[in-house]
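First the structure, in the form of structure tokens, and then the observations on it.
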Amino acid sequence: MRKLLSGAVAALTLAAGSAFAADEVTLQLKWVTQAQFAGYYVAKDKGFYEEENLDVTIKPGGPDIAPEQVIAGGGADVITTWMAAGLAARERGVPLVNIAQPFKTGGLQLTCLESTGVSSPEDFPGRTLGVWFFGNEYPFYAWMAKLGIETDGADENGVTVLKQAFNVDPLLQGQADCISTMTYNEYGQVLDAGYGPDELVNFNYLDQGIGMLEDGLYVLESDLEDPEFVDKMVRFVRASMKGWKYAEENPEEAAQIVVDNDASGAQTLEHQTYMMGEVAKLTAGSNGALDPADYEQTVSTLLSAVSEDNPAITKEPEGAWTHAITDKALN
């Protein structure tokens, strides 16, 4: 009799544990563990996901990882990516939908050495410009199309595009006149290399009228047909935005959390603190809900480059974003 009771108690305990088991969510990041994604690490570290009954796995990205391909292959429930890459993937058969937009503004810019003589976009022709690819090239090609500058380097009226690795070496080694940088990362690396701000000329894409949304949260359209998945994403977005706002208000603590979660050991607290301060400027204007005007500006910019050999999109997207998640998560 005692054995039967013990077995019954064990079964009830197991059933209770299963009933309250946290819902699993896998997030694929666009890049490696760094303060660019601090809100998610903070939400996990501070227990915000746990409060929403979520067990979140955060998968770092890298130069050989395309979040769009990861989610298409079933390796993630939700990804972070730039809208240009998300819309490009959607047009090419991976039906991604933006469910939240933690980054209100973007940090992409072109950084040039003043000593090269580049002081305005009019000085670009005949120059070599470093450009990131893997979906990051779309803003650049849209910008060049707007300026009417060819990108094949065939003559002095065009530019030569250097396929830039995710570092600042081409600028430091004199291989390029200008390179791609993020305000919160590579620009700081150029400063760390010994250059002062007065020795650099920066062209921020937003300031140039090439506004494109960065670091949004995207899921597959088909998953939004599942009420249980939608409920998970509502809780995930709510907890993530709580993490982002905490990170904005506590940048040094957030930077330490990022370093603590960096399995590679490559990140330093000093650089992550700098990065968190800059990233906070980009997330400060967002409560997580996508601004339709920002979306339209991104689409308009991308469509301006349809004549290029590698356009992000060739037609107006449909169903590429929704407020269904943030309406519930934020209200």
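How things are named: the first chain in the structure tokens is A, the next is B, and so on; residues count from 1 in each chain; ligands count from 1 in the order shown.
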Long-range neighbours of segment 117-120 of chain A as a list of chain:residue names, 10 Å cut-off, only C-alpha atoms, 6 positions minimum in chain: A:Thr111, A:Arg127, A:Asp177, A:Cys178, A:Leu200, A:Val201, A:Asn202, A:Phe203
Please write the residues from the selection above to a file, keeping N, CA, C and O atoms, as a PDB file, in the first residue's frame.
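Result file part22.pdb:
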ATOM      1  N   THR A 111      32.491  55.336 -42.441  1.00  0.00           N
ATOM      2  CA  THR A 111      33.524  56.115 -41.761  1.00  0.00           C
ATOM      3  C   THR A 111      34.747  56.245 -42.662  1.00  0.00           C
ATOM      4  O   THR A 111      35.262  55.246 -43.174  1.00  0.00           O
ATOM      5  N   ARG A 127      36.579  56.257 -55.481  1.00  0.00           N
ATOM      6  CA  ARG A 127      37.059  55.752 -54.199  1.00  0.00           C
ATOM      7  C   ARG A 127      36.747  54.271 -54.018  1.00  0.00           C
ATOM      8  O   ARG A 127      35.896  53.697 -54.699  1.00  0.00           O
ATOM      9  N   ASP A 177      39.094  53.791 -48.689  1.00  0.00           N
ATOM     10  CA  ASP A 177      38.982  55.186 -48.264  1.00  0.00           C
ATOM     11  C   ASP A 177      37.965  55.337 -47.141  1.00  0.00           C
ATOM     12  O   ASP A 177      38.111  56.192 -46.268  1.00  0.00           O
ATOM     13  N   CYS A 178      36.928  54.498 -47.204  1.00  0.00           N
ATOM     14  CA  CYS A 178      35.864  54.533 -46.209  1.00  0.00           C
ATOM     15  C   CYS A 178      35.439  53.095 -45.930  1.00  0.00           C
ATOM     16  O   CYS A 178      35.518  52.233 -46.814  1.00  0.00           O
ATOM     17  N   LEU A 200      38.262  61.863 -38.461  1.00  0.00           N
ATOM     18  CA  LEU A 200      37.327  60.967 -39.134  1.00  0.00           C
ATOM     19  C   LEU A 200      36.141  61.734 -39.677  1.00  0.00           C
ATOM     20  O   LEU A 200      35.724  62.757 -39.122  1.00  0.00           O
ATOM     21  N   VAL A 201      35.595  61.241 -40.780  1.00  0.00           N
ATOM     22  CA  VAL A 201      34.368  61.802 -41.369  1.00  0.00           C
ATOM     23  C   VAL A 201      33.346  60.675 -41.417  1.00  0.00           C
ATOM     24  O   VAL A 201      33.606  59.606 -41.984  1.00  0.00           O
ATOM     25  N   ASN A 202      32.192  60.916 -40.803  1.00  0.00           N
ATOM     26  CA  ASN A 202      31.158  59.889 -40.735  1.00  0.00           C
ATOM     27  C   ASN A 202      29.925  60.288 -41.526  1.00  0.00           C
ATOM     28  O   ASN A 202      29.485  61.442 -41.471  1.00  0.00           O
ATOM     29  N   PHE A 203      29.386  59.321 -42.248  1.00  0.00           N
ATOM     30  CA  PHE A 203      28.132  59.520 -42.981  1.00  0.00           C
ATOM     31  C   PHE A 203      27.118  58.518 -42.443  1.00  0.00           C
ATOM     32  O   PHE A 203      27.145  57.335 -42.787  1.00  0.00           O
TER      33      PHE A 203
END
Residue neighbourhood Asn185 of chain A, 10 Å, only C-alpha atoms, exclusion window fewer than 2 positions, as a PyMOL selection string: chain A and resi 34-36+107-108+167+181-183+187-190+271-272+274-276+278-279
Selection: 10 Å around Glu68 of chain A, only C-alpha atoms, excl. self and same-chain fewer than 4 positions, as a VMD selection string: chain A and resid 28 30 72 to 73 75 to 76 78 to 81 85 to 86 88 to 90 94 to 96 135 218 to 220
Could you write those residues out with N, CA, C and O atoms, as a PDB file, in the first residue's frame?
ATOM      1  N   GLN A  28      17.539  33.394 -32.104  1.00  0.00           N
ATOM      2  CA  GLN A  28      18.788  33.441 -32.864  1.00  0.00           C
ATOM      3  C   GLN A  28      19.186  34.886 -33.082  1.00  0.00           C
ATOM      4  O   GLN A  28      18.443  35.668 -33.669  1.00  0.00           O
ATOM      5  N   LYS A  30      21.570  38.054 -34.539  1.00  0.00           N
ATOM      6  CA  LYS A  30      22.190  38.402 -35.820  1.00  0.00           C
ATOM      7  C   LYS A  30      23.706  38.331 -35.750  1.00  0.00           C
ATOM      8  O   LYS A  30      24.370  38.087 -36.758  1.00  0.00           O
ATOM      9  N   ALA A  72      14.375  29.481 -40.975  1.00  0.00           N
ATOM     10  CA  ALA A  72      13.748  28.729 -42.073  1.00  0.00           C
ATOM     11  C   ALA A  72      13.988  27.233 -41.915  1.00  0.00           C
ATOM     12  O   ALA A  72      13.147  26.408 -42.294  1.00  0.00           O
ATOM     13  N   GLY A  73      15.125  26.878 -41.332  1.00  0.00           N
ATOM     14  CA  GLY A  73      15.461  25.475 -41.133  1.00  0.00           C
ATOM     15  C   GLY A  73      14.964  24.912 -39.816  1.00  0.00           C
ATOM     16  O   GLY A  73      15.284  23.763 -39.480  1.00  0.00           O
ATOM     17  N   GLY A  75      15.645  26.090 -36.759  1.00  0.00           N
ATOM     18  CA  GLY A  75      16.617  26.208 -35.675  1.00  0.00           C
ATOM     19  C   GLY A  75      16.329  27.303 -34.673  1.00  0.00           C
ATOM     20  O   GLY A  75      17.090  27.478 -33.721  1.00  0.00           O
ATOM     21  N   ALA A  76      15.257  28.053 -34.880  1.00  0.00           N
ATOM     22  CA  ALA A  76      14.899  29.130 -33.955  1.00  0.00           C
ATOM     23  C   ALA A  76      13.416  29.438 -34.079  1.00  0.00           C
ATOM     24  O   ALA A  76      12.798  29.168 -35.113  1.00  0.00           O
ATOM     25  N   VAL A  78      12.371  32.644 -33.111  1.00  0.00           N
ATOM     26  CA  VAL A  78      12.366  34.084 -33.375  1.00  0.00           C
ATOM     27  C   VAL A  78      13.809  34.516 -33.601  1.00  0.00           C
ATOM     28  O   VAL A  78      14.734  33.929 -33.036  1.00  0.00           O
ATOM     29  N   ILE A  79      14.002  35.511 -34.450  1.00  0.00           N
ATOM     30  CA  ILE A  79      15.351  35.973 -34.764  1.00  0.00           C
ATOM     31  C   ILE A  79      15.431  37.493 -34.658  1.00  0.00           C
ATOM     32  O   ILE A  79      14.411  38.183 -34.713  1.00  0.00           O
ATOM     33  N   THR A  80      16.648  37.986 -34.511  1.00  0.00           N
ATOM     34  CA  THR A  80      16.896  39.417 -34.678  1.00  0.00           C
ATOM     35  C   THR A  80      17.586  39.596 -36.026  1.00  0.00           C
ATOM     36  O   THR A  80      18.488  38.842 -36.366  1.00  0.00           O
ATOM     37  N   THR A  81      17.132  40.577 -36.790  1.00  0.00           N
ATOM     38  CA  THR A  81      17.788  40.888 -38.053  1.00  0.00           C
ATOM     39  C   THR A  81      17.395  42.292 -38.477  1.00  0.00           C
ATOM     40  O   THR A  81      16.490  42.903 -37.894  1.00  0.00           O
ATOM     41  N   ALA A  85      17.286  42.816 -44.632  1.00  0.00           N
ATOM     42  CA  ALA A  85      17.523  41.380 -44.784  1.00  0.00           C
ATOM     43  C   ALA A  85      16.230  40.593 -44.597  1.00  0.00           C
ATOM     44  O   ALA A  85      15.986  39.595 -45.290  1.00  0.00           O
ATOM     45  N   GLY A  86      15.387  41.049 -43.667  1.00  0.00           N
ATOM     46  CA  GLY A  86      14.123  40.362 -43.430  1.00  0.00           C
ATOM     47  C   GLY A  86      13.191  40.441 -44.622  1.00  0.00           C
ATOM     48  O   GLY A  86      12.573  39.444 -45.012  1.00  0.00           O
ATOM     49  N   ALA A  88      14.121  41.054 -47.720  1.00  0.00           N
ATOM     50  CA  ALA A  88      14.746  40.317 -48.826  1.00  0.00           C
ATOM     51  C   ALA A  88      14.454  38.833 -48.705  1.00  0.00           C
ATOM     52  O   ALA A  88      14.125  38.165 -49.691  1.00  0.00           O
ATOM     53  N   ALA A  89      14.559  38.310 -47.498  1.00  0.00           N
ATOM     54  CA  ALA A  89      14.273  36.890 -47.277  1.00  0.00           C
ATOM     55  C   ALA A  89      12.811  36.586 -47.571  1.00  0.00           C
ATOM     56  O   ALA A  89      12.491  35.545 -48.167  1.00  0.00           O
ATOM     57  N   ARG A  90      11.926  37.500 -47.201  1.00  0.00           N
ATOM     58  CA  ARG A  90      10.494  37.288 -47.435  1.00  0.00           C
ATOM     59  C   ARG A  90      10.207  37.202 -48.929  1.00  0.00           C
ATOM     60  O   ARG A  90       9.466  36.319 -49.381  1.00  0.00           O
ATOM     61  N   VAL A  94      11.157  33.047 -47.731  1.00  0.00           N
ATOM     62  CA  VAL A  94      11.145  32.804 -46.287  1.00  0.00           C
ATOM     63  C   VAL A  94      10.214  33.857 -45.679  1.00  0.00           C
ATOM     64  O   VAL A  94      10.623  35.007 -45.482  1.00  0.00           O
ATOM     65  N   PRO A  95       8.957  33.502 -45.403  1.00  0.00           N
ATOM     66  CA  PRO A  95       7.933  34.487 -45.018  1.00  0.00           C
ATOM     67  C   PRO A  95       8.105  35.032 -43.606  1.00  0.00           C
ATOM     68  O   PRO A  95       7.357  34.705 -42.681  1.00  0.00           O
ATOM     69  N   LEU A  96       9.074  35.916 -43.444  1.00  0.00           N
ATOM     70  CA  LEU A  96       9.324  36.521 -42.141  1.00  0.00           C
ATOM     71  C   LEU A  96       8.363  37.676 -41.882  1.00  0.00           C
ATOM     72  O   LEU A  96       7.997  38.404 -42.800  1.00  0.00           O
ATOM     73  N   GLY A 135      23.470  40.451 -46.359  1.00  0.00           N
ATOM     74  CA  GLY A 135      22.237  41.191 -46.086  1.00  0.00           C
ATOM     75  C   GLY A 135      22.477  42.612 -45.628  1.00  0.00           C
ATOM     76  O   GLY A 135      21.556  43.430 -45.621  1.00  0.00           O
ATOM     77  N   TYR A 218      11.736  38.946 -35.612  1.00  0.00           N
ATOM     78  CA  TYR A 218      11.009  38.350 -36.729  1.00  0.00           C
ATOM     79  C   TYR A 218      10.693  36.887 -36.461  1.00  0.00           C
ATOM     80  O   TYR A 218      11.515  36.155 -35.882  1.00  0.00           O
ATOM     81  N   VAL A 219       9.504  36.474 -36.908  1.00  0.00           N
ATOM     82  CA  VAL A 219       9.091  35.072 -36.829  1.00  0.00           C
ATOM     83  C   VAL A 219       8.546  34.656 -38.188  1.00  0.00           C
ATOM     84  O   VAL A 219       8.345  35.497 -39.075  1.00  0.00           O
ATOM     85  N   LEU A 220       8.303  33.371 -38.348  1.00  0.00           N
ATOM     86  CA  LEU A 220       7.690  32.886 -39.579  1.00  0.00           C
ATOM     87  C   LEU A 220       6.195  33.152 -39.563  1.00  0.00           C
ATOM     88  O   LEU A 220       5.527  32.968 -38.536  1.00  0.00           O
TER      89      LEU A 220
END
Polymer residues at most 6 Å from segment 47-61 of chain A, only C-alpha atoms, same-chain spacing of 2 or more positions, as a ChimeraX atom specification: /A:22-33,43-45,65,235,239
Contacts of segment 156-163 of chain A at 9 Å (only C-alpha atoms; same-chain gap of 3+ positions) as a VMD selection string: chain A and resid 124 to 133 148 to 153 170 175 to 176 179
Write out the residues from the selection above, keeping N, CA and C atoms, as a PDB file, in the first residue's frame.
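Once written, part.pdb looks like this:
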ATOM      1  N   PHE A 124      32.821  60.567 -53.302  1.00  0.00           N
ATOM      2  CA  PHE A 124      32.871  59.106 -53.379  1.00  0.00           C
ATOM      3  C   PHE A 124      33.395  58.564 -54.714  1.00  0.00           C
ATOM      4  N   PRO A 125      32.979  59.128 -55.872  1.00  0.00           N
ATOM      5  CA  PRO A 125      33.441  58.570 -57.149  1.00  0.00           C
ATOM      6  C   PRO A 125      34.962  58.420 -57.204  1.00  0.00           C
ATOM      7  N   GLY A 126      35.392  57.260 -57.699  1.00  0.00           N
ATOM      8  CA  GLY A 126      36.817  56.976 -57.793  1.00  0.00           C
ATOM      9  C   GLY A 126      37.408  56.379 -56.530  1.00  0.00           C
ATOM     10  N   ARG A 127      36.579  56.257 -55.481  1.00  0.00           N
ATOM     11  CA  ARG A 127      37.059  55.752 -54.199  1.00  0.00           C
ATOM     12  C   ARG A 127      36.747  54.271 -54.018  1.00  0.00           C
ATOM     13  N   THR A 128      37.427  53.674 -53.044  1.00  0.00           N
ATOM     14  CA  THR A 128      37.142  52.300 -52.636  1.00  0.00           C
ATOM     15  C   THR A 128      36.414  52.348 -51.303  1.00  0.00           C
ATOM     16  N   LEU A 129      35.240  51.739 -51.265  1.00  0.00           N
ATOM     17  CA  LEU A 129      34.395  51.777 -50.079  1.00  0.00           C
ATOM     18  C   LEU A 129      34.190  50.368 -49.541  1.00  0.00           C
ATOM     19  N   GLY A 130      34.422  50.200 -48.248  1.00  0.00           N
ATOM     20  CA  GLY A 130      34.232  48.898 -47.611  1.00  0.00           C
ATOM     21  C   GLY A 130      32.774  48.681 -47.265  1.00  0.00           C
ATOM     22  N   VAL A 131      32.246  47.532 -47.670  1.00  0.00           N
ATOM     23  CA  VAL A 131      30.824  47.234 -47.474  1.00  0.00           C
ATOM     24  C   VAL A 131      30.672  45.836 -46.876  1.00  0.00           C
ATOM     25  N   TRP A 132      29.838  45.732 -45.858  1.00  0.00           N
ATOM     26  CA  TRP A 132      29.494  44.414 -45.313  1.00  0.00           C
ATOM     27  C   TRP A 132      28.444  43.765 -46.201  1.00  0.00           C
ATOM     28  N   PHE A 133      28.525  42.451 -46.330  1.00  0.00           N
ATOM     29  CA  PHE A 133      27.514  41.735 -47.101  1.00  0.00           C
ATOM     30  C   PHE A 133      26.667  40.862 -46.169  1.00  0.00           C
ATOM     31  N   GLY A 148      23.123  58.112 -57.608  1.00  0.00           N
ATOM     32  CA  GLY A 148      23.421  57.931 -59.025  1.00  0.00           C
ATOM     33  C   GLY A 148      24.860  57.516 -59.276  1.00  0.00           C
ATOM     34  N   ILE A 149      25.444  56.814 -58.327  1.00  0.00           N
ATOM     35  CA  ILE A 149      26.840  56.377 -58.436  1.00  0.00           C
ATOM     36  C   ILE A 149      26.901  54.892 -58.775  1.00  0.00           C
ATOM     37  N   GLU A 150      27.627  54.540 -59.831  1.00  0.00           N
ATOM     38  CA  GLU A 150      27.804  53.145 -60.195  1.00  0.00           C
ATOM     39  C   GLU A 150      28.696  52.449 -59.166  1.00  0.00           C
ATOM     40  N   THR A 151      28.491  51.155 -59.009  1.00  0.00           N
ATOM     41  CA  THR A 151      29.225  50.424 -57.968  1.00  0.00           C
ATOM     42  C   THR A 151      30.122  49.324 -58.523  1.00  0.00           C
ATOM     43  N   ASP A 152      30.393  49.373 -59.827  1.00  0.00           N
ATOM     44  CA  ASP A 152      31.233  48.329 -60.412  1.00  0.00           C
ATOM     45  C   ASP A 152      32.690  48.760 -60.535  1.00  0.00           C
ATOM     46  N   GLY A 153      32.986  49.996 -60.182  1.00  0.00           N
ATOM     47  CA  GLY A 153      34.362  50.475 -60.238  1.00  0.00           C
ATOM     48  C   GLY A 153      34.939  50.530 -61.635  1.00  0.00           C
ATOM     49  N   PRO A 170      40.514  47.286 -43.211  1.00  0.00           N
ATOM     50  CA  PRO A 170      40.711  47.971 -44.500  1.00  0.00           C
ATOM     51  C   PRO A 170      41.008  49.466 -44.362  1.00  0.00           C
ATOM     52  N   GLN A 175      43.465  50.040 -47.300  1.00  0.00           N
ATOM     53  CA  GLN A 175      42.864  49.299 -48.408  1.00  0.00           C
ATOM     54  C   GLN A 175      41.579  49.954 -48.907  1.00  0.00           C
ATOM     55  N   ALA A 176      40.998  50.806 -48.091  1.00  0.00           N
ATOM     56  CA  ALA A 176      39.750  51.475 -48.461  1.00  0.00           C
ATOM     57  C   ALA A 176      39.764  52.906 -47.952  1.00  0.00           C
ATOM     58  N   ILE A 179      34.952  52.840 -44.731  1.00  0.00           N
ATOM     59  CA  ILE A 179      34.481  51.506 -44.388  1.00  0.00           C
ATOM     60  C   ILE A 179      33.148  51.586 -43.657  1.00  0.00           C
TER      61      ILE A 179
END
Segment 73-246 of chain A: residues DSSP assigns to strand (DSSP E), reported as a PyMOL selection string: chain A and resi 78-81+96-100+108-113+128-131+160-163+178-182+200-204+216-220
Given the selection you just returned, output its residues as a file containing N, CA and C atoms, formatted as a short mmCIF file (atom, residue, chain, number, x, y, z; two decimals), in the first residue's frame.
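Once written, selection-v5.cif looks like this:
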data_model
loop_
_atom_site.label_atom_id
_atom_site.label_comp_id
_atom_site.auth_asym_id
_atom_site.auth_seq_id
_atom_site.Cartn_x
_atom_site.Cartn_y
_atom_site.Cartn_z
N VAL A 78 12.37 32.64 -33.11
CA VAL A 78 12.37 34.08 -33.38
C VAL A 78 13.81 34.52 -33.60
N ILE A 79 14.00 35.51 -34.45
CA ILE A 79 15.35 35.97 -34.76
C ILE A 79 15.43 37.49 -34.66
N THR A 80 16.65 37.99 -34.51
CA THR A 80 16.90 39.42 -34.68
C THR A 80 17.59 39.60 -36.03
N THR A 81 17.13 40.58 -36.79
CA THR A 81 17.79 40.89 -38.05
C THR A 81 17.39 42.29 -38.48
N LEU A 96 9.07 35.92 -43.44
CA LEU A 96 9.32 36.52 -42.14
C LEU A 96 8.36 37.68 -41.88
N VAL A 97 7.99 37.83 -40.62
CA VAL A 97 7.11 38.92 -40.20
C VAL A 97 7.73 39.62 -39.00
N ASN A 98 7.82 40.92 -39.06
CA ASN A 98 8.32 41.72 -37.94
C ASN A 98 7.23 41.79 -36.88
N ILE A 99 7.55 41.31 -35.65
CA ILE A 99 6.56 41.33 -34.56
C ILE A 99 6.89 42.39 -33.51
N ALA A 100 8.10 42.94 -33.56
CA ALA A 100 8.48 43.99 -32.61
C ALA A 100 9.74 44.69 -33.12
N LEU A 108 24.17 52.37 -38.41
CA LEU A 108 25.03 52.11 -39.56
C LEU A 108 25.56 53.40 -40.16
N GLN A 109 26.85 53.43 -40.44
CA GLN A 109 27.45 54.59 -41.06
C GLN A 109 28.66 54.18 -41.89
N LEU A 110 29.11 55.12 -42.70
CA LEU A 110 30.34 54.96 -43.47
C LEU A 110 31.36 55.89 -42.82
N THR A 111 32.49 55.34 -42.44
CA THR A 111 33.52 56.12 -41.76
C THR A 111 34.75 56.25 -42.66
N CYS A 112 35.20 57.48 -42.86
CA CYS A 112 36.34 57.76 -43.73
C CYS A 112 37.42 58.50 -42.95
N LEU A 113 38.65 58.33 -43.37
CA LEU A 113 39.73 59.13 -42.82
C LEU A 113 39.71 60.50 -43.49
N THR A 128 37.43 53.67 -53.04
CA THR A 128 37.14 52.30 -52.64
C THR A 128 36.41 52.35 -51.30
N LEU A 129 35.24 51.74 -51.27
CA LEU A 129 34.40 51.78 -50.08
C LEU A 129 34.19 50.37 -49.54
N GLY A 130 34.42 50.20 -48.25
CA GLY A 130 34.23 48.90 -47.61
C GLY A 130 32.77 48.68 -47.27
N VAL A 131 32.25 47.53 -47.67
CA VAL A 131 30.82 47.23 -47.47
C VAL A 131 30.67 45.84 -46.88
N THR A 160 34.54 51.59 -56.21
CA THR A 160 34.94 50.19 -56.12
C THR A 160 34.47 49.68 -54.77
N VAL A 161 33.71 48.60 -54.78
CA VAL A 161 33.19 48.03 -53.54
C VAL A 161 34.14 46.95 -53.02
N LEU A 162 34.64 47.15 -51.82
CA LEU A 162 35.48 46.16 -51.16
C LEU A 162 34.59 45.35 -50.23
N LYS A 163 34.54 44.05 -50.44
CA LYS A 163 33.75 43.19 -49.56
C LYS A 163 34.45 43.13 -48.22
N CYS A 178 36.93 54.50 -47.20
CA CYS A 178 35.86 54.53 -46.21
C CYS A 178 35.44 53.10 -45.93
N ILE A 179 34.95 52.84 -44.73
CA ILE A 179 34.48 51.51 -44.39
C ILE A 179 33.15 51.59 -43.66
N SER A 180 32.46 50.47 -43.62
CA SER A 180 31.21 50.39 -42.86
C SER A 180 31.53 50.27 -41.38
N THR A 181 30.83 51.01 -40.56
CA THR A 181 30.96 50.91 -39.11
C THR A 181 29.59 51.05 -38.47
N MET A 182 29.48 50.56 -37.27
CA MET A 182 28.31 50.81 -36.44
C MET A 182 28.73 51.81 -35.37
N LEU A 200 38.26 61.86 -38.46
CA LEU A 200 37.33 60.97 -39.13
C LEU A 200 36.14 61.73 -39.68
N VAL A 201 35.59 61.24 -40.78
CA VAL A 201 34.37 61.80 -41.37
C VAL A 201 33.35 60.67 -41.42
N ASN A 202 32.19 60.92 -40.80
CA ASN A 202 31.16 59.89 -40.74
C ASN A 202 29.93 60.29 -41.53
N PHE A 203 29.39 59.32 -42.25
CA PHE A 203 28.13 59.52 -42.98
C PHE A 203 27.12 58.52 -42.44
N ASN A 204 26.26 59.00 -41.56
CA ASN A 204 25.23 58.14 -41.00
C ASN A 204 24.12 57.94 -42.04
N GLY A 216 15.25 44.22 -35.53
CA GLY A 216 13.88 43.92 -35.14
C GLY A 216 13.75 42.45 -34.80
N LEU A 217 12.58 42.06 -34.30
CA LEU A 217 12.29 40.66 -33.98
C LEU A 217 11.36 40.10 -35.06
N TYR A 218 11.74 38.95 -35.61
CA TYR A 218 11.01 38.35 -36.73
C TYR A 218 10.69 36.89 -36.46
N VAL A 219 9.50 36.47 -36.91
CA VAL A 219 9.09 35.07 -36.83
C VAL A 219 8.55 34.66 -38.19
N LEU A 220 8.30 33.37 -38.35
CA LEU A 220 7.69 32.89 -39.58
C LEU A 220 6.20 33.15 -39.56
#
Name the residues in contact with Ala324 of chain A at a cut-off of 9 Å, using only C-alpha atoms, excluding same-chain residues fewer than 3 positions from it; report them as a PDB file with all heavy atoms, in the first residue's frame.
ATOM      1  N   ILE A  99       7.550  41.314 -35.652  1.00  0.00           N
ATOM      2  CA  ILE A  99       6.560  41.334 -34.565  1.00  0.00           C
ATOM      3  C   ILE A  99       6.887  42.394 -33.513  1.00  0.00           C
ATOM      4  O   ILE A  99       6.045  42.692 -32.663  1.00  0.00           O
ATOM      5  CB  ILE A  99       6.426  39.964 -33.888  1.00  0.00           C
ATOM      6  CG1 ILE A  99       7.764  39.545 -33.272  1.00  0.00           C
ATOM      7  CG2 ILE A  99       5.897  38.919 -34.869  1.00  0.00           C
ATOM      8  CD1 ILE A  99       7.656  38.337 -32.335  1.00  0.00           C
ATOM      9  N   VAL A 230       1.620  32.439 -30.535  1.00  0.00           N
ATOM     10  CA  VAL A 230       1.357  33.870 -30.376  1.00  0.00           C
ATOM     11  C   VAL A 230       1.442  34.263 -28.911  1.00  0.00           C
ATOM     12  O   VAL A 230       2.057  35.281 -28.555  1.00  0.00           O
ATOM     13  CB  VAL A 230      -0.020  34.240 -30.961  1.00  0.00           C
ATOM     14  CG1 VAL A 230      -0.412  35.666 -30.551  1.00  0.00           C
ATOM     15  CG2 VAL A 230      -0.005  34.118 -32.475  1.00  0.00           C
ATOM     16  N   VAL A 234       3.986  36.971 -27.216  1.00  0.00           N
ATOM     17  CA  VAL A 234       3.505  38.119 -26.435  1.00  0.00           C
ATOM     18  C   VAL A 234       4.309  38.216 -25.146  1.00  0.00           C
ATOM     19  O   VAL A 234       4.802  39.289 -24.773  1.00  0.00           O
ATOM     20  CB  VAL A 234       1.998  37.984 -26.130  1.00  0.00           C
ATOM     21  CG1 VAL A 234       1.576  38.998 -25.060  1.00  0.00           C
ATOM     22  CG2 VAL A 234       1.177  38.182 -27.390  1.00  0.00           C
ATOM     23  N   ASP A 327       0.598  44.774 -29.452  1.00  0.00           N
ATOM     24  CA  ASP A 327      -0.666  45.305 -28.916  1.00  0.00           C
ATOM     25  C   ASP A 327      -1.026  44.596 -27.621  1.00  0.00           C
ATOM     26  O   ASP A 327      -1.532  45.218 -26.663  1.00  0.00           O
ATOM     27  CB  ASP A 327      -1.788  45.138 -29.936  1.00  0.00           C
ATOM     28  CG  ASP A 327      -1.765  46.200 -31.015  1.00  0.00           C
ATOM     29  OD1 ASP A 327      -1.006  47.179 -30.854  1.00  0.00           O
ATOM     30  OD2 ASP A 327      -2.489  46.050 -32.018  1.00  0.00           O
ATOM     31  N   LYS A 328      -0.773  43.297 -27.574  1.00  0.00           N
ATOM     32  CA  LYS A 328      -1.081  42.515 -26.368  1.00  0.00           C
ATOM     33  C   LYS A 328       0.033  42.614 -25.333  1.00  0.00           C
ATOM     34  O   LYS A 328      -0.225  42.661 -24.131  1.00  0.00           O
ATOM     35  CB  LYS A 328      -1.305  41.053 -26.733  1.00  0.00           C
ATOM     36  CG  LYS A 328      -2.538  40.808 -27.599  1.00  0.00           C
ATOM     37  CD  LYS A 328      -2.691  39.332 -27.938  1.00  0.00           C
ATOM     38  CE  LYS A 328      -3.918  39.089 -28.799  1.00  0.00           C
ATOM     39  NZ  LYS A 328      -4.062  37.649 -29.171  1.00  0.00           N
ATOM     40  N   ALA A 329       1.266  42.656 -25.803  1.00  0.00           N
ATOM     41  CA  ALA A 329       2.395  42.656 -24.888  1.00  0.00           C
ATOM     42  C   ALA A 329       2.548  43.974 -24.132  1.00  0.00           C
ATOM     43  O   ALA A 329       2.960  43.981 -22.967  1.00  0.00           O
ATOM     44  CB  ALA A 329       3.683  42.353 -25.648  1.00  0.00           C
TER      45      ALA A 329
END
Who sits within 9 Å of Leu147 of chain A, only C-alpha atoms, same chain under 4 positions skipped, as an MDAnalysis selection string: chainID A and resid 121:122 142:143
Dump as a JSON list (two decimals), in the first residue's frame, selection limited to N, CA, C and O atoms:
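As written to disk, again.json reads:
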[["chain", "number", "residue", "atom", "x", "y", "z"],
["A", 121, "PRO", "N", 29.46, 63.11, -49.89],
["A", 121, "PRO", "CA", 29.19, 62.04, -50.87],
["A", 121, "PRO", "C", 29.66, 62.38, -52.28],
["A", 121, "PRO", "O", 29.92, 61.47, -53.08],
["A", 122, "GLU", "N", 29.81, 63.66, -52.56],
["A", 122, "GLU", "CA", 30.30, 64.06, -53.88],
["A", 122, "GLU", "C", 31.74, 63.59, -54.12],
["A", 122, "GLU", "O", 32.19, 63.53, -55.27],
["A", 142, "ALA", "N", 21.28, 50.89, -51.95],
["A", 142, "ALA", "CA", 20.17, 51.84, -52.06],
["A", 142, "ALA", "C", 20.70, 53.27, -52.02],
["A", 142, "ALA", "O", 20.22, 54.15, -52.77],
["A", 143, "TRP", "N", 21.67, 53.51, -51.20],
["A", 143, "TRP", "CA", 22.27, 54.85, -51.08],
["A", 143, "TRP", "C", 22.97, 55.23, -52.37],
["A", 143, "TRP", "O", 22.79, 56.35, -52.89]]
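Atom pair atom CA of Tyr205 of chain A / atom CA of Arg92 of chain A has a distance of 25.0 Å (rounded to one decimal).
Of the listed residues (A:Ser222, A:Thr301, A:Thr273, A:Thr283), A:Thr301 comes nearest to Thr314 of chain A; the distances count only C-alpha atoms.
In this comparison, which uses only C-alpha atoms, the residue of A:Phe37, A:Tyr141, A:Phe134, A:Phe103 approaching Ser304 of chain A most closely is A:Tyr141.
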Filtered DSSP result for segment 121-233 of chain A, state helix (DSSP H, G or I), as an MDAnalysis selection string: chainID A and resid 121:123 138:147 169:172 186:192 197:199 221:225 227:233
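Remark: for Pro197 of chain A, the closest of the candidate residues A:Asn250, A:Met144, A:Glu114, A:Ser264 is A:Glu114 (distances computed over only C-alpha atoms).
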